[in-house]
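Student: Have a peek at entry-v5.tsv (TSV, C-alpha atoms).
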```
chain	number	residue	atom	x	y	z
A	1	MET	CA	-2.39	16.83	-1.71
A	2	ALA	CA	-5.10	15.31	0.51
A	3	ALA	CA	-8.25	14.08	-1.18
A	4	ARG	CA	-11.19	16.48	-1.04
A	5	THR	CA	-13.97	14.45	-2.64
A	6	LEU	CA	-15.37	10.94	-2.45
A	7	PHE	CA	-14.47	10.55	-6.13
A	8	GLU	CA	-10.80	11.13	-5.29
A	9	ILE	CA	-10.99	8.62	-2.42
A	10	ASN	CA	-12.45	6.06	-4.83
A	11	ASN	CA	-9.63	6.70	-7.32
A	12	ILE	CA	-7.01	6.42	-4.56
A	13	ARG	CA	-8.50	3.11	-3.44
A	14	ALA	CA	-8.43	1.78	-7.01
A	15	ALA	CA	-4.80	2.90	-7.49
A	16	ILE	CA	-3.71	1.18	-4.27
A	17	ALA	CA	-5.46	-2.05	-5.26
A	18	ARG	CA	-3.90	-1.90	-8.73
A	19	VAL	CA	-0.35	-1.42	-7.41
A	20	GLY	CA	-0.76	-4.30	-4.95
A	21	SER	CA	-2.10	-6.60	-7.63
A	22	LEU	CA	0.44	-5.69	-10.32
A	23	SER	CA	3.37	-5.90	-7.93
A	24	ASP	CA	2.68	-9.31	-6.49
A	25	SER	CA	-0.16	-11.11	-8.27
A	26	ILE	CA	0.08	-11.06	-12.07
A	27	VAL	CA	0.80	-14.74	-12.68
A	28	GLY	CA	-0.28	-17.51	-10.36
A	29	VAL	CA	0.38	-21.23	-10.25
A	30	GLY	CA	-1.64	-22.84	-7.50
A	31	PRO	CA	-1.11	-20.92	-4.27
A	32	PHE	CA	2.05	-19.23	-5.61
A	33	LYS	CA	1.83	-15.88	-7.36
A	34	ILE	CA	4.39	-13.51	-8.82
A	35	GLY	CA	4.06	-10.00	-10.10
A	36	LEU	CA	6.16	-7.22	-11.61
A	37	ASP	CA	8.09	-6.83	-8.38
A	38	GLY	CA	9.24	-10.45	-8.40
A	39	ILE	CA	9.99	-10.48	-12.11
A	40	LEU	CA	11.93	-7.21	-12.12
A	41	ALA	CA	13.86	-8.22	-8.99
A	42	TRP	CA	15.93	-10.51	-11.18
A	43	VAL	CA	17.35	-7.51	-13.07
A	44	PRO	CA	19.91	-5.72	-10.86
A	45	GLY	CA	18.89	-2.15	-10.16
A	46	VAL	CA	15.56	-2.31	-11.95
A	47	GLY	CA	13.91	-4.33	-9.18
A	48	THR	CA	15.01	-1.83	-6.54
A	49	ILE	CA	13.82	1.13	-8.59
A	50	TYR	CA	10.44	-0.50	-9.15
A	51	SER	CA	10.16	-1.51	-5.49
A	52	LEU	CA	10.95	2.02	-4.29
A	53	GLY	CA	8.56	3.58	-6.81
A	54	ALA	CA	5.68	1.27	-5.90
A	55	ALA	CA	6.38	1.78	-2.19
A	56	GLY	CA	6.40	5.54	-2.61
A	57	LEU	CA	3.15	5.46	-4.56
A	58	LEU	CA	1.44	3.33	-1.91
A	59	LEU	CA	2.59	5.63	0.90
A	60	ILE	CA	1.61	8.83	-0.91
A	61	GLN	CA	-1.83	7.46	-1.78
A	62	GLY	CA	-2.28	6.33	1.83
A	63	MET	CA	-1.45	9.83	3.07
A	64	ARG	CA	-3.81	11.37	0.52
A	65	ALA	CA	-6.60	9.12	1.83
A	66	ARG	CA	-5.73	10.16	5.41
A	67	VAL	CA	-5.06	6.60	6.53
A	68	PRO	CA	-4.22	6.35	10.25
A	69	PHE	CA	-0.57	6.74	11.25
A	70	GLY	CA	-0.37	3.17	12.57
A	71	ALA	CA	-1.33	1.72	9.19
A	72	LEU	CA	1.17	3.96	7.40
A	73	LEU	CA	3.87	2.85	9.86
A	74	GLN	CA	3.11	-0.84	9.18
A	75	VAL	CA	3.29	-0.21	5.43
A	76	THR	CA	6.57	1.69	5.79
A	77	ILE	CA	8.15	-1.16	7.78
A	78	LEU	CA	7.00	-3.86	5.35
A	79	LEU	CA	8.16	-1.95	2.29
A	80	GLY	CA	11.41	-0.94	3.97
A	81	ILE	CA	12.24	-4.58	4.69
A	82	ARG	CA	11.36	-5.52	1.11
A	83	THR	CA	13.57	-2.81	-0.37
A	84	LEU	CA	16.42	-3.51	2.05
A	85	VAL	CA	16.48	-7.22	1.14
A	86	THR	CA	16.44	-6.42	-2.59
A	87	THR	CA	19.16	-3.77	-2.27
A	88	THR	CA	21.35	-5.98	-0.09
A	89	GLY	CA	21.16	-8.83	-2.59
A	90	GLU	CA	22.08	-6.56	-5.49
A	91	ALA	CA	24.94	-4.93	-3.60
A	92	ALA	CA	26.39	-8.32	-2.65
A	93	ALA	CA	26.22	-9.47	-6.27
A	94	VAL	CA	28.00	-6.38	-7.55
A	95	LEU	CA	30.72	-6.52	-4.86
A	96	THR	CA	31.57	-10.18	-5.26
A	97	MET	CA	30.73	-10.50	-8.95
A	98	LEU	CA	29.12	-13.83	-8.19
A	99	PRO	CA	25.54	-14.75	-9.08
A	100	ILE	CA	24.40	-14.84	-5.45
A	101	THR	CA	21.35	-12.72	-6.10
A	102	ILE	CA	19.38	-15.82	-7.03
A	103	PRO	CA	18.72	-17.13	-3.49
A	104	THR	CA	17.99	-13.64	-2.21
A	105	GLU	CA	15.65	-12.86	-5.07
A	106	LEU	CA	13.83	-16.17	-4.68
A	107	ALA	CA	13.16	-15.32	-1.05
A	108	VAL	CA	12.03	-11.83	-2.00
A	109	ASP	CA	9.64	-13.18	-4.65
A	110	PHE	CA	7.65	-14.91	-1.92
A	111	PHE	CA	7.72	-11.87	0.37
A	112	ARG	CA	4.69	-10.08	-1.05
A	113	ALA	CA	5.19	-6.79	0.77
A	114	HIS	CA	3.44	-4.60	-1.80
A	115	LYS	CA	0.30	-6.76	-1.77
A	116	TRP	CA	0.26	-6.94	2.02
A	117	SER	CA	0.80	-3.18	2.26
A	118	ALA	CA	-1.96	-2.50	-0.23
A	119	ASP	CA	-4.29	-4.75	1.79
A	120	ILE	CA	-3.47	-2.81	5.00
A	121	LEU	CA	-4.23	0.50	3.28
A	122	LEU	CA	-7.44	-0.81	1.69
A	123	LYS	CA	-8.69	-2.11	5.03
A	124	ALA	CA	-7.99	1.27	6.64
A	125	ILE	CA	-9.86	3.07	3.85
A	126	ASP	CA	-12.79	0.65	4.07
A	127	ASN	CA	-13.01	1.19	7.85
A	128	THR	CA	-13.29	4.94	7.39
A	129	VAL	CA	-16.42	6.95	6.74
A	130	TYR	CA	-15.50	9.79	4.39
A	131	VAL	CA	-17.70	12.87	4.35
A	132	GLU	CA	-17.47	15.70	1.88
A	133	GLY	CA	-17.49	19.06	3.58
A	134	ARG	CA	-16.11	20.54	6.76
A	135	ARG	CA	-16.35	19.05	10.20
A	136	HIS	CA	-18.96	21.27	11.74
A	137	ARG	CA	-22.29	20.77	13.44
A	138	SER	CA	-23.92	22.89	10.75
A	139	ASN	CA	-23.08	20.20	8.18
A	140	PRO	CA	-26.47	18.67	7.25
A	141	ASN	CA	-25.05	15.14	7.42
A	142	TYR	CA	-23.27	15.58	10.76
A	143	ALA	CA	-26.00	14.03	12.96
A	144	ASP	CA	-26.62	11.17	10.53
A	145	ILE	CA	-22.94	10.32	10.31
A	146	LYS	CA	-22.51	10.48	14.06
A	147	GLU	CA	-25.42	8.08	14.54
A	148	GLN	CA	-24.20	5.76	11.76
A	149	VAL	CA	-20.77	5.43	13.36
A	150	ARG	CA	-22.20	4.91	16.86
A	151	SER	CA	-24.61	2.19	15.70
A	152	GLY	CA	-21.94	0.27	13.76
A	153	ALA	CA	-20.75	-3.06	15.12
A	154	GLU	CA	-17.11	-2.18	14.57
A	155	ARG	CA	-15.36	1.04	15.39
A	156	ARG	CA	-15.04	3.26	12.35
A	157	ARG	CA	-13.19	6.48	11.78
A	158	VAL	CA	-14.84	9.55	10.32
A	159	VAL	CA	-12.83	11.82	8.04
A	160	PHE	CA	-14.24	15.09	6.78
A	161	LEU	CA	-12.76	15.95	3.40
A	162	GLY	CA	-13.44	19.69	3.41
```
Will you turn the file into structure tokens for me?
Tutor:
Amino acid sequence: MAARTLFEINNIRAAIARVGSLSDSIVGVGPFKIGLDGILAWVPGVGTIYSLGAAGLLLIQGMRARVPFGALLQVTILLGIRTLVTTTGEAAAVLTMLPITIPTELAVDFFRAHKWSADILLKAIDNTVYVEGRRHRSNPNYADIKEQVRSGAERRRVVFLG
């Protein structure tokens, strides 16, 4: 399940960026943007299914890229809130048979949880140095990587993919 090559990490990064963009940034008018998540949220049931699917994909890709636990926790909380608000609005509409999903869905359209989650994951991936091979001093790149991380201005994680 976990990525083993830099090529896989690159593909994971691209998939995360794509999900974030498609979910919350397809059409924009000035500073306001809407994506598939906001559009599909107006269809009862479909919005929740899409939201859960996109959330699951983001979390799985984050785990495959070995993103730190703290970042995965932030993403889980954001996406959980997003899904809970969508589900609550749909449940209320079905129970009362009144079109009260409109105010809830309008609020959800501006809560860009998928984009924010994708940005958290992308930042975590960008702040990680990925190295193909095992973590061992016999790795020819071990000393170079160690020096590169130590000399960096910001703290970076090192993940060995082997």
Student: Counting all atoms listed in the file, which of A:Ala118, A:Leu22, A:Val158, A:Leu52 gets nearest to A:Gly133?
Tutor: A:Val158
Student: Any idea what's packed within 9 Å of A:Ala55, counting all atoms listed in the file, ignoring anything in its chain fewer than 2 positions away? Could you give it as an mmCIF file with C-alpha atoms, in the frame of the given file?
Tutor:
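Output below, filename result.cif:
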```cif
data_model
loop_
_atom_site.group_PDB
_atom_site.id
_atom_site.type_symbol
_atom_site.label_atom_id
_atom_site.label_comp_id
_atom_site.auth_asym_id
_atom_site.auth_seq_id
_atom_site.Cartn_x
_atom_site.Cartn_y
_atom_site.Cartn_z
ATOM 1 C CA TYR A 50 10.440 -0.500 -9.150
ATOM 2 C CA SER A 51 10.160 -1.510 -5.490
ATOM 3 C CA LEU A 52 10.950 2.020 -4.290
ATOM 4 C CA GLY A 53 8.560 3.580 -6.810
ATOM 5 C CA LEU A 57 3.150 5.460 -4.560
ATOM 6 C CA LEU A 58 1.440 3.330 -1.910
ATOM 7 C CA LEU A 59 2.590 5.630 0.900
ATOM 8 C CA ILE A 60 1.610 8.830 -0.910
ATOM 9 C CA VAL A 75 3.290 -0.210 5.430
ATOM 10 C CA THR A 76 6.570 1.690 5.790
ATOM 11 C CA LEU A 79 8.160 -1.950 2.290
ATOM 12 C CA GLY A 80 11.410 -0.940 3.970
ATOM 13 C CA THR A 83 13.570 -2.810 -0.370
ATOM 14 C CA HIS A 114 3.440 -4.600 -1.800
ATOM 15 C CA SER A 117 0.800 -3.180 2.260
#
```
Student: Residues at most 9 Å from A:Gly20, counting all atoms listed in the file, excluding those fewer than 2 positions away in the same chain, as a CSV table (one decimal) with C-alpha atoms, keeping the file's coordinate frame?
Tutor:
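Done, and the output landed in around-v6.csv:
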```
chain,number,residue,atom,x,y,z
A,15,ALA,CA,-4.8,2.9,-7.5
A,16,ILE,CA,-3.7,1.2,-4.3
A,17,ALA,CA,-5.5,-2.0,-5.3
A,18,ARG,CA,-3.9,-1.9,-8.7
A,22,LEU,CA,0.4,-5.7,-10.3
A,23,SER,CA,3.4,-5.9,-7.9
A,24,ASP,CA,2.7,-9.3,-6.5
A,25,SER,CA,-0.2,-11.1,-8.3
A,54,ALA,CA,5.7,1.3,-5.9
A,58,LEU,CA,1.4,3.3,-1.9
A,112,ARG,CA,4.7,-10.1,-1.0
A,113,ALA,CA,5.2,-6.8,0.8
A,114,HIS,CA,3.4,-4.6,-1.8
A,115,LYS,CA,0.3,-6.8,-1.8
A,116,TRP,CA,0.3,-6.9,2.0
A,117,SER,CA,0.8,-3.2,2.3
A,118,ALA,CA,-2.0,-2.5,-0.2
A,119,ASP,CA,-4.3,-4.8,1.8
```
Student: Tell me, in Å to one decimal, how far atom CA of A:Ala3 is from atom CA of A:Ala71.
Tutor: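 Answer for the atom CA of A:Ala3 to atom CA of A:Ala71 separation: 17.6 Å.
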Student: Just how far from atom CA of A:Leu73 is atom CA of A:Asp37, in Å to one decimal?
Tutor: 21.1 Å
Student: As an exercise, work out the distance from atom CA of A:Gly62 to atom CA of A:Val27 in Å and give it to one decimal place.
Tutor: 25.8 Å
